[in-house]
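Everything below concerns the one structure shown next.
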Amino acid sequence: MGVAALATAVAAAFLVLPLLALFLRVPPSSLFHAAGSSVFRDALVVSVKTSLIAHACVLAVGTPAAYVLARRRFPGRSAVLTLVELPLVLPPAVAGVALLAAFGRYQLLGGTLHALGITVGFTQAAVVLAVAFVESPFYVRGGVAAFEAVDDDLLAAARTLGAGPARVFFRVALPLAAGGLAAGSALALARGLGEFGATIIFAGSLQGVTQTLPLAVYAQFEANFDVALAIGTLFVLVGAVLLLLLKLAPAWSRSASISPFRPAASTSA
Amino acid sequence: MVALRVDLTVPARGFDVGLALDVGRETVALVGPSGAGKTTVLRAIAGLVRPERGRVECDGETWFDSAGRVDLRPEERSVGLVFQDYALFPHLSVERNVAFGGRGRAGELLDRFGIRHLARARPRELSGGERQRVALARALAREPKALLLDEPTAALDAHTRVVVRAELGELLRELGLPALLVTHDFEDAAALADRVGVLVDGELRQVASPADLVASPADGFVASLAGGTLVDGVARFARDGLTEVRLESGGTVYSTDEASGPVSVLVYPWEVSLGLVPADDSALNHLRGPVVSLAPVGNRVRVRVGELTAEVTAASAERLGLAVGLPVVASFKATATRLLPRSPLRTWPAERR
């Protein structure tokens, strides 16, 4: 018991100490100063823009994909599930190299895209691709689990009540999986915001174009350590807020779905 | 007129269920042990499970035909399926659950089922009986041409079950829809259905009215399902048109049924009376034995005497001072017995007792 308590204390201290150091090193004044710097503002715009676009794409494609993977049994299903999760275990740098090999100008698809007048490498589109690539497994995994948790009988009941596949999805499956989907979405968004390795290899680090917040931390790490620290601090705050939402989301969706119970005037059995 | 015509082979756990059944504007119950594939049959009719072969027709419309390659989707079949645990949408209010099947009739159905005051409640706030009413209202909102009920009272406690069974019976008679219900509970079937089909090992053993099933069961399994007790013995013809059965456990039973060779003697618990001494009455059969067990069932007591079961009123049990180990005499008339061929499969799953 005592040993376990000690281990818990050590683990907590180890995880909290660096964050604490970050806050101790950065006086509030320098935080405001850093927040006003053009490096930070440009990076913030790039990060927010690319993250939101990437996240919207992941939600739009990942939600139906997760539904199909969760509900349908088809040959090769487990192979697809494994492939979807593969990016989770890849080092982001490998993801970056892989994306470059696929979409780079003289690579697999790059030539075709170039002929069509589309250049992906080292543009914001590349950032979006990199972010979507690394964050989508988090969302799809969570989504598959959320849809699998929906009782088969409820979907079957909806169909016997005359609902076609689209109505079954939007009226029954989606609302019932909403809690799990929201959790997966928040986790994926956080992972996307923090994306570094794949982006720097595939999209580069051009301020105002492809330099996202994590890339800015890295760029400022040598130029101006205080700015790097300040951006780091802001990241911790954003992360804490996301995490808090993540924890609160299920509780909120539960309480929101409970309508105030009206005691029946007559209690007929 | 036949409203629902079913002739199907559906794969169930490890075996095939074959079933041919015509349901008019009546309630038919399929009774069988758990795992007999009853639920699968209902799902196949509703289109949720694909049968191996066969036909399903309802009200002149073909829903499924393996030969003609017709296979309507569940949402295209005008059927109301009430699931065993009701499958109410937990995220929707009672009103919206009912309206899911059909907006137009939701209000009327809430009133009809006496659940108007629960319109805004969520399913988890409801009692078992209320849930069933919501599930029925929701299934009827679609104005189905046939109603399928999966173990309609299994999710309820014993007290609620009696009330709900009565309500449900009344509803089914009022609706006049072809209704097919499956249950493992013969009492459910007998109380709700005009005809009962006994489903064993993937096939229909017998289809008859509940009274006919009790009076002339096709075999020992059907008899024990209907509540009868079976005792094995060897029969031979005796005088006066009676058959004498020497029981394997000792003792002799007379029956008005004709048979010879190995048989099972069927006698229903409510035909058996108990006494401390052999009764001086017209009953021909008197079997002695100690009371093996006593189980109260409502205001009656099920008394096990040797291989026999007798059902007596609680008052009689008290008057006789029945207790485990007490030697008693079980009496029943020769006309109250049926002689059935021995069948290896006749024990009903213990869950029912």
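We name chains A, B, ... following the order of the structure tokens; residues begin at 1 in each chain, and ligands are numbered from 1 as shown.
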Chain A residues near chain B (6 Å cut-off, only C-alpha atoms) as a PyMOL selection string | chain A and resi 153-154+159-163+264
Extract, using only C-alpha atoms, all DNA, RNA and protein residues at most 6 Å from range 107-123 of chain A, discarding same-chain residues fewer than 6 positions from it, and format them as a PyMOL selection string.
-> chain A and resi 101+203-204
Determine which residues of range 6-227 of chain B DSSP labels as alpha helix (DSSP H) from the backbone of this structure, then write them out as a PyMOL selection string.
-> chain B and resi 38-46+94-101+106-112+128-141+158-175+186-192+210-215+220-225
Preceding selection exported with C-alpha atoms as a PDB file, in the first residue's frame:
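Saved the output as selection.pdb:
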```
ATOM      1  CA  LYS B  38     -37.910 -18.959 -31.902  1.00  0.00           C
ATOM      2  CA  THR B  39     -36.484 -15.448 -31.994  1.00  0.00           C
ATOM      3  CA  THR B  40     -34.701 -16.213 -35.250  1.00  0.00           C
ATOM      4  CA  VAL B  41     -38.036 -17.111 -36.832  1.00  0.00           C
ATOM      5  CA  LEU B  42     -39.519 -13.746 -35.852  1.00  0.00           C
ATOM      6  CA  ARG B  43     -36.450 -11.903 -37.136  1.00  0.00           C
ATOM      7  CA  ALA B  44     -36.653 -13.776 -40.410  1.00  0.00           C
ATOM      8  CA  ILE B  45     -40.297 -12.772 -40.862  1.00  0.00           C
ATOM      9  CA  ALA B  46     -39.399  -9.149 -40.102  1.00  0.00           C
ATOM     10  CA  VAL B  94     -41.813   8.156 -24.881  1.00  0.00           C
ATOM     11  CA  GLU B  95     -43.721  10.361 -27.296  1.00  0.00           C
ATOM     12  CA  ARG B  96     -40.886  10.474 -29.820  1.00  0.00           C
ATOM     13  CA  ASN B  97     -40.338   6.742 -29.475  1.00  0.00           C
ATOM     14  CA  VAL B  98     -43.950   6.153 -30.451  1.00  0.00           C
ATOM     15  CA  ALA B  99     -43.821   8.801 -33.183  1.00  0.00           C
ATOM     16  CA  PHE B 100     -40.754   7.111 -34.685  1.00  0.00           C
ATOM     17  CA  GLY B 101     -43.061   4.473 -36.128  1.00  0.00           C
ATOM     18  CA  ALA B 106     -48.697   8.879 -31.801  1.00  0.00           C
ATOM     19  CA  GLY B 107     -51.120  11.005 -29.787  1.00  0.00           C
ATOM     20  CA  GLU B 108     -53.998   8.588 -30.204  1.00  0.00           C
ATOM     21  CA  LEU B 109     -51.803   5.633 -29.182  1.00  0.00           C
ATOM     22  CA  LEU B 110     -50.467   7.415 -26.093  1.00  0.00           C
ATOM     23  CA  ASP B 111     -54.075   7.824 -24.979  1.00  0.00           C
ATOM     24  CA  ARG B 112     -55.077   4.321 -25.921  1.00  0.00           C
ATOM     25  CA  GLY B 128     -41.345  -2.839 -17.033  1.00  0.00           C
ATOM     26  CA  GLY B 129     -45.071  -2.766 -17.713  1.00  0.00           C
ATOM     27  CA  GLU B 130     -44.912   0.823 -18.965  1.00  0.00           C
ATOM     28  CA  ARG B 131     -42.010  -0.030 -21.248  1.00  0.00           C
ATOM     29  CA  GLN B 132     -43.995  -2.798 -22.811  1.00  0.00           C
ATOM     30  CA  ARG B 133     -46.904  -0.499 -23.464  1.00  0.00           C
ATOM     31  CA  VAL B 134     -44.588   2.013 -25.122  1.00  0.00           C
ATOM     32  CA  ALA B 135     -43.062  -0.752 -27.246  1.00  0.00           C
ATOM     33  CA  LEU B 136     -46.512  -1.929 -28.327  1.00  0.00           C
ATOM     34  CA  ALA B 137     -47.681   1.606 -29.074  1.00  0.00           C
ATOM     35  CA  ARG B 138     -44.540   2.235 -31.113  1.00  0.00           C
ATOM     36  CA  ALA B 139     -44.966  -0.983 -33.090  1.00  0.00           C
ATOM     37  CA  LEU B 140     -48.623  -0.149 -33.806  1.00  0.00           C
ATOM     38  CA  ALA B 141     -47.868   3.445 -34.815  1.00  0.00           C
ATOM     39  CA  ALA B 158     -43.959 -12.259 -11.664  1.00  0.00           C
ATOM     40  CA  HIS B 159     -46.582  -9.848 -10.366  1.00  0.00           C
ATOM     41  CA  THR B 160     -46.443  -7.450 -13.316  1.00  0.00           C
ATOM     42  CA  ARG B 161     -46.502 -10.401 -15.685  1.00  0.00           C
ATOM     43  CA  VAL B 162     -50.015 -11.414 -14.652  1.00  0.00           C
ATOM     44  CA  VAL B 163     -51.362  -7.880 -15.135  1.00  0.00           C
ATOM     45  CA  VAL B 164     -49.556  -7.308 -18.429  1.00  0.00           C
ATOM     46  CA  ARG B 165     -50.632 -10.700 -19.761  1.00  0.00           C
ATOM     47  CA  ALA B 166     -54.275  -9.796 -19.213  1.00  0.00           C
ATOM     48  CA  GLU B 167     -53.829  -6.377 -20.869  1.00  0.00           C
ATOM     49  CA  LEU B 168     -51.964  -7.875 -23.778  1.00  0.00           C
ATOM     50  CA  GLY B 169     -54.584 -10.575 -24.313  1.00  0.00           C
ATOM     51  CA  GLU B 170     -57.307  -7.955 -24.493  1.00  0.00           C
ATOM     52  CA  LEU B 171     -55.287  -5.818 -26.888  1.00  0.00           C
ATOM     53  CA  LEU B 172     -54.558  -8.706 -29.241  1.00  0.00           C
ATOM     54  CA  ARG B 173     -58.253  -9.590 -29.415  1.00  0.00           C
ATOM     55  CA  GLU B 174     -59.212  -5.964 -30.095  1.00  0.00           C
ATOM     56  CA  LEU B 175     -56.602  -5.486 -32.815  1.00  0.00           C
ATOM     57  CA  PHE B 186     -46.659 -22.222 -21.768  1.00  0.00           C
ATOM     58  CA  GLU B 187     -48.845 -20.153 -19.463  1.00  0.00           C
ATOM     59  CA  ASP B 188     -48.164 -17.107 -21.629  1.00  0.00           C
ATOM     60  CA  ALA B 189     -49.032 -19.049 -24.732  1.00  0.00           C
ATOM     61  CA  ALA B 190     -52.177 -20.558 -23.231  1.00  0.00           C
ATOM     62  CA  ALA B 191     -53.381 -17.193 -21.938  1.00  0.00           C
ATOM     63  CA  LEU B 192     -52.663 -15.160 -25.077  1.00  0.00           C
ATOM     64  CA  PRO B 210     -54.093 -24.678 -25.783  1.00  0.00           C
ATOM     65  CA  ALA B 211     -56.946 -26.904 -24.560  1.00  0.00           C
ATOM     66  CA  ASP B 212     -56.260 -29.511 -27.249  1.00  0.00           C
ATOM     67  CA  LEU B 213     -52.563 -29.505 -26.455  1.00  0.00           C
ATOM     68  CA  VAL B 214     -53.349 -30.320 -22.853  1.00  0.00           C
ATOM     69  CA  ALA B 215     -56.016 -32.891 -23.727  1.00  0.00           C
ATOM     70  CA  GLY B 220     -44.249 -36.576 -23.917  1.00  0.00           C
ATOM     71  CA  PHE B 221     -42.377 -33.392 -24.643  1.00  0.00           C
ATOM     72  CA  VAL B 222     -45.529 -31.502 -25.536  1.00  0.00           C
ATOM     73  CA  ALA B 223     -47.244 -32.972 -22.484  1.00  0.00           C
ATOM     74  CA  SER B 224     -44.525 -31.919 -20.070  1.00  0.00           C
ATOM     75  CA  LEU B 225     -44.500 -28.502 -21.720  1.00  0.00           C
TER      76      LEU B 225
END
```
Determine, counting only C-alpha atoms, which protein, DNA and RNA residues have an atom within 10 Å of an atom of range 61-68 of chain A; residues of the same chain fewer than 5 positions away are not included. Present the result as a count of residues only.
-> 25
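If only C-alpha atoms are the atoms counted, then among A:Ala34, A:Leu155, A:Val127, A:Val46 the closest residue to Pro175 in chain A is A:Leu155.
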CA of Leu284 in chain B sits from CA of Gly250 in chain B at a separation of 16.2 Å
Near Leu193 in chain A, within 10 Å and counting only C-alpha atoms, which residues show up once chain neighbours fewer than 3 positions away are dropped, as a PyMOL selection string?
-> chain A and resi 47-48+50-52+55+131+135+188-190+196+212-214+235+238-239
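Using only C-alpha atoms for every distance, the candidate list B:Ser331, B:Asn299, B:Ser34, B:Thr256 yields B:Asn299 as the residue closest to Glu318 in chain B.
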